[in-house]
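J.: One file is attached below, model_31.cif, containing mmCIF, C-alpha atoms.
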```
data_query
loop_
_atom_site.label_atom_id
_atom_site.label_comp_id
_atom_site.auth_asym_id
_atom_site.auth_seq_id
_atom_site.Cartn_x
_atom_site.Cartn_y
_atom_site.Cartn_z
CA MET U 177 -23.48 13.67 3.97
CA ASN U 178 -25.22 10.83 2.11
CA THR U 179 -23.75 7.34 1.87
CA LEU U 180 -22.76 7.58 -1.82
CA LEU U 181 -20.86 10.83 -1.28
CA ARG U 182 -19.16 9.43 1.83
CA ASN U 183 -18.03 6.37 -0.13
CA ARG U 184 -16.72 8.49 -2.97
CA LEU U 185 -15.05 11.13 -0.77
CA PRO U 186 -11.59 9.43 -0.72
CA GLN U 187 -11.52 9.17 -4.53
CA LEU U 188 -12.75 12.76 -4.89
CA THR U 189 -10.04 13.92 -2.50
CA THR U 190 -7.42 12.06 -4.52
CA ALA U 191 -8.69 13.62 -7.75
CA VAL U 192 -8.54 17.12 -6.24
CA ILE U 193 -4.99 16.56 -4.98
CA PHE U 194 -3.86 15.33 -8.40
CA LEU U 195 -5.46 18.28 -10.21
CA LEU U 196 -3.97 20.77 -7.73
CA LEU U 197 -0.50 19.23 -8.03
CA PHE U 198 -0.61 19.28 -11.81
CA ALA U 199 -2.09 22.79 -11.96
CA VAL U 200 0.47 24.30 -9.56
CA ALA U 201 3.33 22.57 -11.39
CA SER U 202 1.98 23.82 -14.74
CA LEU U 203 2.01 27.39 -13.43
CA ARG U 204 5.44 26.99 -11.87
CA TYR U 205 7.31 25.26 -14.71
CA ASP U 206 7.29 26.11 -18.40
CA TYR U 207 6.08 23.34 -20.72
CA PHE U 208 4.92 21.19 -17.79
CA PHE U 209 1.33 21.21 -19.02
CA SER U 210 1.53 19.10 -22.14
CA MET U 211 0.16 15.85 -23.48
CA ARG U 212 3.71 14.57 -23.66
CA ASN U 213 4.09 14.88 -19.89
CA VAL U 214 0.70 13.29 -19.30
CA SER U 215 1.84 10.41 -21.49
CA SER U 216 5.11 10.12 -19.56
CA LEU U 217 3.11 9.57 -16.35
CA PHE U 218 1.81 6.32 -17.81
CA ILE U 219 5.11 5.29 -19.38
CA SER U 220 7.40 5.78 -16.39
CA ASN U 221 4.88 4.31 -13.95
CA GLY U 222 3.60 1.47 -16.12
CA SER U 223 5.14 -1.26 -13.97
CA LEU U 224 3.89 0.25 -10.70
CA GLY U 225 0.44 0.78 -12.20
CA VAL U 226 0.11 -2.81 -13.40
CA ILE U 227 1.14 -4.16 -9.99
CA ALA U 228 -1.16 -1.71 -8.19
CA VAL U 229 -4.18 -3.04 -10.12
CA GLY U 230 -3.65 -6.53 -8.71
CA MET U 231 -2.91 -5.15 -5.26
CA THR U 232 -6.20 -3.23 -5.34
CA LEU U 233 -8.18 -6.44 -5.79
CA VAL U 234 -6.41 -8.08 -2.85
CA ILE U 235 -6.95 -5.07 -0.60
CA PHE U 236 -10.63 -4.96 -1.64
CA ALA U 237 -10.94 -8.33 0.12
CA GLY U 238 -9.12 -7.10 3.22
CA GLY U 239 -5.83 -8.78 2.29
CA ILE U 240 -2.30 -7.65 1.57
CA ASP U 241 0.50 -8.97 -0.62
CA LEU U 242 4.08 -8.13 0.35
CA SER U 243 5.58 -10.44 -2.27
CA VAL U 244 4.71 -8.45 -5.42
CA GLY U 245 8.06 -6.66 -5.66
CA ALA U 246 9.99 -9.91 -5.30
CA VAL U 247 7.74 -11.69 -7.81
CA ALA U 248 8.33 -8.83 -10.27
CA GLY U 249 12.08 -9.20 -9.80
CA PHE U 250 11.84 -12.98 -10.21
CA ALA U 251 9.80 -12.71 -13.42
CA SER U 252 12.20 -10.12 -14.80
CA ILE U 253 15.35 -12.19 -14.28
CA PHE U 254 13.64 -15.52 -15.12
CA ILE U 255 12.34 -14.39 -18.50
CA THR U 256 15.55 -12.66 -19.57
CA THR U 257 17.73 -15.57 -18.43
CA MET U 258 15.60 -18.13 -20.24
CA VAL U 259 15.72 -16.07 -23.44
CA GLN U 260 19.30 -14.85 -23.43
CA THR U 261 21.15 -17.66 -21.65
CA HIS U 262 19.10 -20.76 -22.41
CA GLY U 263 17.90 -19.85 -25.88
CA TRP U 264 14.14 -19.84 -25.26
CA HIS U 265 11.86 -17.90 -27.55
CA PRO U 266 10.48 -14.84 -25.68
CA ILE U 267 6.83 -15.94 -25.96
CA PRO U 268 7.09 -19.24 -24.00
CA ALA U 269 9.52 -17.60 -21.58
CA MET U 270 7.03 -14.82 -20.89
CA LEU U 271 4.10 -17.23 -20.59
CA VAL U 272 5.97 -19.44 -18.13
CA GLY U 273 7.12 -16.42 -16.12
CA LEU U 274 3.59 -15.05 -15.90
CA GLY U 275 2.23 -18.51 -15.11
CA VAL U 276 4.67 -18.90 -12.23
CA GLY U 277 3.47 -15.56 -10.86
CA VAL U 278 -0.17 -16.65 -11.02
CA ALA U 279 0.57 -20.04 -9.42
CA PHE U 280 2.67 -18.43 -6.71
CA GLY U 281 -0.08 -15.96 -5.86
CA ALA U 282 -2.73 -18.70 -5.84
CA SER U 283 -0.64 -20.87 -3.51
CA MET U 284 -0.28 -18.01 -1.03
CA GLY U 285 -4.00 -17.31 -1.24
CA ALA U 286 -4.73 -20.97 -0.51
CA MET U 287 -2.43 -20.98 2.52
CA ILE U 288 -4.01 -17.80 3.83
CA HIS U 289 -7.54 -19.17 3.47
CA TYR U 290 -7.28 -22.85 4.33
CA PHE U 291 -4.68 -22.59 7.08
CA LYS U 292 -6.19 -19.36 8.48
CA GLN U 293 -2.83 -17.60 8.50
CA PRO U 294 -2.35 -13.82 8.42
CA ALA U 295 -1.79 -12.52 4.89
CA PHE U 296 1.04 -10.35 6.19
CA LEU U 297 3.08 -13.34 7.36
CA VAL U 298 2.35 -15.63 4.42
CA THR U 299 3.19 -13.01 1.79
CA LEU U 300 6.23 -11.88 3.78
CA ALA U 301 7.53 -15.44 3.57
CA GLY U 302 6.60 -15.42 -0.11
CA MET U 303 8.61 -12.25 -0.58
CA PHE U 304 11.78 -13.84 0.83
CA PHE U 305 11.20 -17.02 -1.18
CA ALA U 306 10.64 -15.25 -4.51
CA ARG U 307 13.58 -12.89 -3.98
CA GLY U 308 15.82 -15.81 -3.09
CA CYS U 309 14.77 -17.64 -6.25
CA ALA U 310 15.55 -14.53 -8.29
CA PHE U 311 19.08 -14.33 -6.86
CA TRP U 312 19.48 -18.08 -7.41
CA ILE U 313 18.76 -17.67 -11.12
CA SER U 314 21.29 -14.88 -11.60
CA GLU U 315 22.92 -12.34 -9.32
CA SER U 316 23.78 -10.00 -12.20
CA SER U 317 21.52 -8.23 -14.69
CA VAL U 318 20.83 -9.93 -18.02
CA THR U 319 20.40 -7.86 -21.19
CA VAL U 320 18.07 -9.29 -23.83
CA LYS U 321 19.17 -9.12 -27.46
CA HIS U 322 16.65 -11.49 -29.03
CA PRO U 323 15.21 -9.93 -32.24
CA PHE U 324 11.60 -10.67 -31.33
CA PHE U 325 12.01 -9.15 -27.88
CA LEU U 326 13.56 -6.04 -29.40
CA TYR U 327 10.64 -5.90 -31.82
CA LEU U 328 8.21 -5.91 -28.88
CA THR U 329 10.05 -3.06 -27.17
CA ASP U 330 9.67 -0.97 -30.34
CA ILE U 331 5.87 -1.34 -30.46
CA LYS U 332 4.22 2.06 -30.11
CA ALA U 333 0.73 3.53 -30.40
CA GLN U 334 0.22 7.10 -31.52
CA LEU U 335 -2.30 9.45 -29.95
CA GLY U 336 -3.29 12.55 -31.83
CA GLY U 337 -0.49 12.08 -34.32
CA THR U 338 2.21 13.38 -31.96
CA ILE U 339 1.97 11.56 -28.61
CA VAL U 340 3.56 8.12 -28.71
CA HIS U 341 2.73 5.41 -26.18
CA PRO U 342 5.25 2.54 -26.07
CA LEU U 343 4.34 -1.01 -25.09
CA PRO U 344 4.67 -0.50 -21.27
CA ALA U 345 2.03 2.25 -21.36
CA ILE U 346 -0.20 0.17 -23.63
CA ILE U 347 -0.02 -2.77 -21.22
CA PHE U 348 -0.85 -0.45 -18.31
CA PHE U 349 -3.93 0.87 -20.13
CA ILE U 350 -5.14 -2.65 -20.93
CA VAL U 351 -4.58 -4.01 -17.41
CA LEU U 352 -6.21 -0.96 -15.84
CA ALA U 353 -9.26 -1.24 -18.11
CA ALA U 354 -9.56 -4.96 -17.37
CA GLY U 355 -9.15 -4.36 -13.64
CA TYR U 356 -11.79 -1.63 -13.71
CA LEU U 357 -14.31 -3.87 -15.48
CA VAL U 358 -13.63 -6.81 -13.16
CA ALA U 359 -13.73 -4.74 -9.98
CA GLN U 360 -16.79 -2.63 -10.73
CA PHE U 361 -19.01 -4.68 -13.04
CA THR U 362 -18.61 -8.36 -12.12
CA ARG U 363 -19.89 -10.57 -9.32
CA PHE U 364 -16.26 -11.36 -8.50
CA GLY U 365 -15.55 -7.69 -7.79
CA ARG U 366 -18.65 -7.36 -5.62
CA ASN U 367 -17.69 -10.51 -3.75
CA LEU U 368 -14.25 -9.06 -3.01
CA LEU U 369 -15.77 -5.94 -1.45
CA ALA U 370 -18.25 -8.03 0.51
CA ILE U 371 -15.46 -10.22 1.91
CA GLY U 372 -13.44 -7.13 2.80
CA GLY U 373 -16.43 -5.63 4.57
CA SER U 374 -17.03 -8.74 6.67
CA GLU U 375 -15.74 -12.20 5.77
CA GLN U 376 -18.07 -13.82 8.31
CA SER U 377 -21.09 -12.11 6.78
CA ALA U 378 -19.92 -13.13 3.31
CA LEU U 379 -19.78 -16.76 4.46
CA LEU U 380 -23.29 -16.52 5.92
CA MET U 381 -24.54 -15.13 2.60
CA GLY U 382 -23.13 -18.17 0.84
CA LEU U 383 -20.46 -16.33 -1.14
CA PRO U 384 -17.49 -18.40 -2.42
CA VAL U 385 -15.03 -16.80 -0.02
CA GLY U 386 -12.18 -19.26 -0.50
CA ALA U 387 -12.28 -19.30 -4.30
CA THR U 388 -12.62 -15.52 -4.45
CA LYS U 389 -9.65 -14.86 -2.17
CA ILE U 390 -7.42 -17.39 -3.94
CA THR U 391 -8.36 -15.90 -7.33
CA ALA U 392 -7.55 -12.40 -6.08
CA TYR U 393 -4.08 -13.46 -4.95
CA ALA U 394 -3.57 -15.38 -8.21
CA ILE U 395 -4.38 -12.24 -10.20
CA CYS U 396 -2.11 -10.19 -7.95
CA GLY U 397 0.74 -12.65 -8.54
CA GLY U 398 0.12 -12.48 -12.27
CA THR U 399 0.11 -8.68 -12.37
CA ALA U 400 3.29 -8.65 -10.27
CA ALA U 401 5.02 -10.89 -12.80
CA LEU U 402 3.62 -8.76 -15.63
CA GLY U 403 4.95 -5.65 -13.87
CA GLY U 404 8.40 -7.23 -13.90
CA LEU U 405 8.03 -7.91 -17.62
CA VAL U 406 6.92 -4.32 -18.24
CA ASN U 407 10.06 -3.06 -16.51
CA THR U 408 12.11 -5.41 -18.69
CA PHE U 409 10.55 -3.83 -21.77
CA ILE U 410 11.54 -0.40 -20.44
CA THR U 411 15.14 -1.25 -19.51
CA GLY U 412 15.83 -4.03 -22.01
CA SER U 413 17.22 -6.22 -19.24
CA GLY U 414 16.24 -8.30 -16.23
CA ASN U 415 17.55 -7.75 -12.74
CA CYS U 416 17.11 -9.88 -9.63
CA THR U 417 17.12 -6.74 -7.47
CA TYR U 418 14.27 -5.09 -9.33
CA GLY U 419 11.18 -4.42 -7.25
CA ILE U 420 12.81 -4.02 -3.84
CA GLY U 421 10.36 -1.82 -1.94
CA LEU U 422 7.89 -1.85 -4.84
CA GLU U 423 5.31 -3.66 -2.73
CA LEU U 424 5.19 -0.68 -0.39
CA ASP U 425 4.84 1.73 -3.32
CA ALA U 426 1.94 -0.33 -4.66
CA ILE U 427 0.17 -0.42 -1.29
CA ALA U 428 0.68 3.32 -0.81
CA THR U 429 -0.65 4.02 -4.30
CA VAL U 430 -3.80 2.00 -3.65
CA VAL U 431 -4.46 3.64 -0.27
CA ILE U 432 -3.78 7.15 -1.62
CA GLY U 433 -6.30 6.24 -4.32
CA GLY U 434 -8.96 5.96 -1.62
CA THR U 435 -9.24 2.19 -1.16
CA LEU U 436 -9.82 1.27 2.49
CA LEU U 437 -6.74 -0.57 3.76
CA THR U 438 -8.87 -2.98 5.78
CA GLY U 439 -10.98 -3.80 2.72
CA GLY U 440 -14.62 -3.49 1.80
CA ARG U 441 -14.48 -0.12 0.09
CA GLY U 442 -12.60 1.29 -2.87
CA HIS U 443 -12.56 1.98 -6.59
CA MET U 444 -10.12 1.11 -9.36
CA SER U 445 -10.23 4.68 -10.68
CA GLY U 446 -8.73 5.78 -7.35
CA THR U 447 -5.75 3.51 -7.96
CA LEU U 448 -5.17 5.22 -11.30
CA LEU U 449 -5.24 8.60 -9.55
CA GLY U 450 -2.80 7.31 -6.92
CA VAL U 451 -0.38 6.27 -9.67
CA LEU U 452 -0.76 9.66 -11.37
CA ILE U 453 -0.07 11.51 -8.11
CA VAL U 454 3.15 9.57 -7.50
CA GLY U 455 4.15 10.12 -11.13
CA THR U 456 3.39 13.84 -10.94
CA ILE U 457 5.56 14.23 -7.85
CA GLN U 458 8.43 12.50 -9.68
CA LEU U 459 7.87 14.73 -12.72
CA ILE U 460 7.92 17.89 -10.60
CA ILE U 461 11.24 16.84 -9.06
CA ALA U 462 12.67 16.21 -12.54
CA PHE U 463 11.48 19.59 -13.84
CA ASP U 464 12.73 21.51 -10.81
CA GLY U 465 16.23 20.08 -10.92
CA THR U 466 17.11 21.28 -7.43
CA LEU U 467 14.89 18.98 -5.36
CA ASN U 468 16.21 15.72 -3.97
CA ALA U 469 14.52 12.50 -5.13
CA ALA U 470 13.87 11.76 -1.45
CA TRP U 471 10.99 14.25 -1.64
CA THR U 472 9.00 11.66 -3.58
CA ARG U 473 9.11 9.36 -0.55
CA ILE U 474 8.46 12.18 1.91
CA ILE U 475 5.41 13.53 0.11
CA THR U 476 4.06 10.04 -0.55
CA GLY U 477 4.42 9.23 3.15
CA VAL U 478 2.57 12.40 4.17
CA LEU U 479 -0.25 11.68 1.71
CA LEU U 480 -0.46 8.07 2.85
CA LEU U 481 -0.78 9.08 6.50
CA ALA U 482 -3.38 11.71 5.61
CA PHE U 483 -5.51 9.18 3.72
CA ILE U 484 -5.28 6.61 6.51
CA LEU U 485 -6.54 9.24 8.95
CA LEU U 486 -9.30 10.24 6.50
CA GLN U 487 -10.37 6.62 6.15
CA ARG U 488 -10.48 6.25 9.93
CA LEU U 489 -12.66 9.35 10.28
CA LEU U 490 -15.05 8.15 7.58
CA LEU U 491 -15.23 4.70 9.18
CA ARG U 492 -16.07 6.19 12.57
CA ALA U 493 -18.74 8.39 10.98
CA THR U 494 -20.28 5.34 9.31
CA GLN U 495 -20.25 3.34 12.55
CA LYS U 496 -21.91 6.19 14.45
CA ARG U 497 -24.58 6.49 11.76
CA MET U 498 -25.31 2.75 11.96
CA ALA U 499 -25.39 2.72 15.78
#
```
If you convert what's in this file into structure tokens, what do you get?
T.:
Amino acid sequence: MNTLLRNRLPQLTTAVIFLLLFAVASLRYDYFFSMRNVSSLFISNGSLGVIAVGMTLVIFAGGIDLSVGAVAGFASIFITTMVQTHGWHPIPAMLVGLGVGVAFGASMGAMIHYFKQPAFLVTLAGMFFARGCAFWISESSVTVKHPFFLYLTDIKAQLGGTIVHPLPAIIFFIVLAAGYLVAQFTRFGRNLLAIGGSEQSALLMGLPVGATKITAYAICGGTAALGGLVNTFITGSGNCTYGIGLELDAIATVVIGGTLLTGGRGHMSGTLLGVLIVGTIQLIIAFDGTLNAAWTRIITGVLLLAFILLQRLLLRATQKRMA
């Protein structure tokens, strides 16, 4: 097996699993195979997808961010409270909320790099801090009734004259496209993979390790806040409890998409496939009507374990080939 095929094997496996899931469900359930259902995969998983894009960049560099769910919840309740309770216009409220997410992510990245602390511990502390701030702002959900905000929630793009993509799906498409371009076609993306492969080697090559890692966490914080905003567009309200456990969903989605959990290898297209797999499982459960929602977690857990084992086997094969 050549190196290119070995590197692409996790993404190819993810693609095959997605196609098999969708094909079997299409044969099993009437009207499952439709553009409307394909569109719903992007709509219902827009928030998760946006957050997963930022998480992918962090994992490329061998990091992890456990705070994204809490940051999403904070951004959600912050923006809605500023608009509905304090009379802010939605635009500055959204800009400040997203800016806080970026600054929060950058500060964690700086602590991880300059103080040489494990990303797990720093972002775990960040998770508690952001969630506490969200509860401090408001312990109850806040519904937004501002005319401009309602106008934004009504924005839609038509595809083929019949399929309608609302704003959450549009944002997901834009963030995914931007993430793909950054990850695969920029020096920054290559630097992330190099750092994930070996940070010491990256330092010896003269790569800007510190700036790259801090930027990755800043982007991840920004996409987390944006994910919270996307969910607010979907529900029309902010909630301090939103995003509990979402960090684990995002990590699982990225790993199922074929990105190596320890960094150094991965592809943004795999993250898209991971999101589609999770969405397809949820759609199958909705169509069946007899399956418990817990099956989403069970199947996701099985797939996650399978991909971790696959990654380990591929890593061992690479090490043996280099020995």
J.: Might you pull out every residue within 8 Å of segment 188-199 of chain U, with only C-alpha atoms counted and same-chain residues fewer than 5 positions away left off, and present them as a PyMOL selection string?
T.: chain U and resi 209+432-434+446+449-450+452-453+456-457
J.: Quick one: of U:Phe236, U:Phe304, U:Trp471, U:Tyr290, who's nearest to Phe364 of chain U, counting only C-alpha atoms?
T.: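 Checking each of U:Phe236, U:Phe304, U:Trp471, U:Tyr290 against Phe364 of chain U, counting only C-alpha atoms, the winner is U:Phe236.
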J.: Taking the file as shown, find all residues satisfying the PyMOL selection byres ((chain U and resi 343) around 6) and write them as a list in words.
T.: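 Checking the PyMOL selection byres ((chain U and resi 343) around 6) against this file, the residues are Ile331, Lys332, Pro342, Pro344, Ala345 and Ile346 of chain U.
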J.: Evaluate the PyMOL selection byres ((chain U and resi 228-233) around 9) here and jot the selected residues down as an MDAnalysis selection string.
T.: chainID U and resid 223:227 234:237 239:241 244 351:352 355:356 359 365 368:369 392:400 423 425:427 429:431 435 442:444 447:448 451
J.: At most 12 Å from (-22.5, -11.2, -6.8), file frame, all atoms listed in the file: which residues, as a ChimeraX atom specification?
T.: /U:358-371,378,381-385,388
J.: Have a look at U:Phe291, U:Phe311, U:Phe325, U:Phe250 and name the one nearest to Ile410 of chain U; count all atoms listed in the file.
T.: U:Phe325
J.: Any chance you could work out the residue set of the PyMOL selection byres ((chain U and resi 416) around 8) here, as a list in words?
T.: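 When the PyMOL selection byres ((chain U and resi 416) around 8) is applied to the shown file, the picked residues are Gly249, Phe250, Ser252, Ile253, Arg307, Ala310, Phe311, Ser314, Glu315, Ser316, Ser317, Gly414, Asn415, Thr417 and Tyr418 of chain U.
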J.: Name the residues in contact with Ala269 of chain U at a cut-off of 9 Å, using only C-alpha atoms, excluding same-chain residues fewer than 6 positions from it; report them as a ChimeraX atom specification.
T.: /U:254-256,258-259
J.: Just how far from atom CA of Phe348 of chain U is atom CA of Leu326 of chain U, in Å to one decimal?
T.: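 That distance, rounded to one decimal, is 19.0 Å.
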J.: Using atom CA of Phe324 of chain U and atom CA of Trp312 of chain U as the two end points, give the distance in Å to one decimal.
T.: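 Between atom CA of Phe324 of chain U and atom CA of Trp312 of chain U the gap works out to 26.3 Å.
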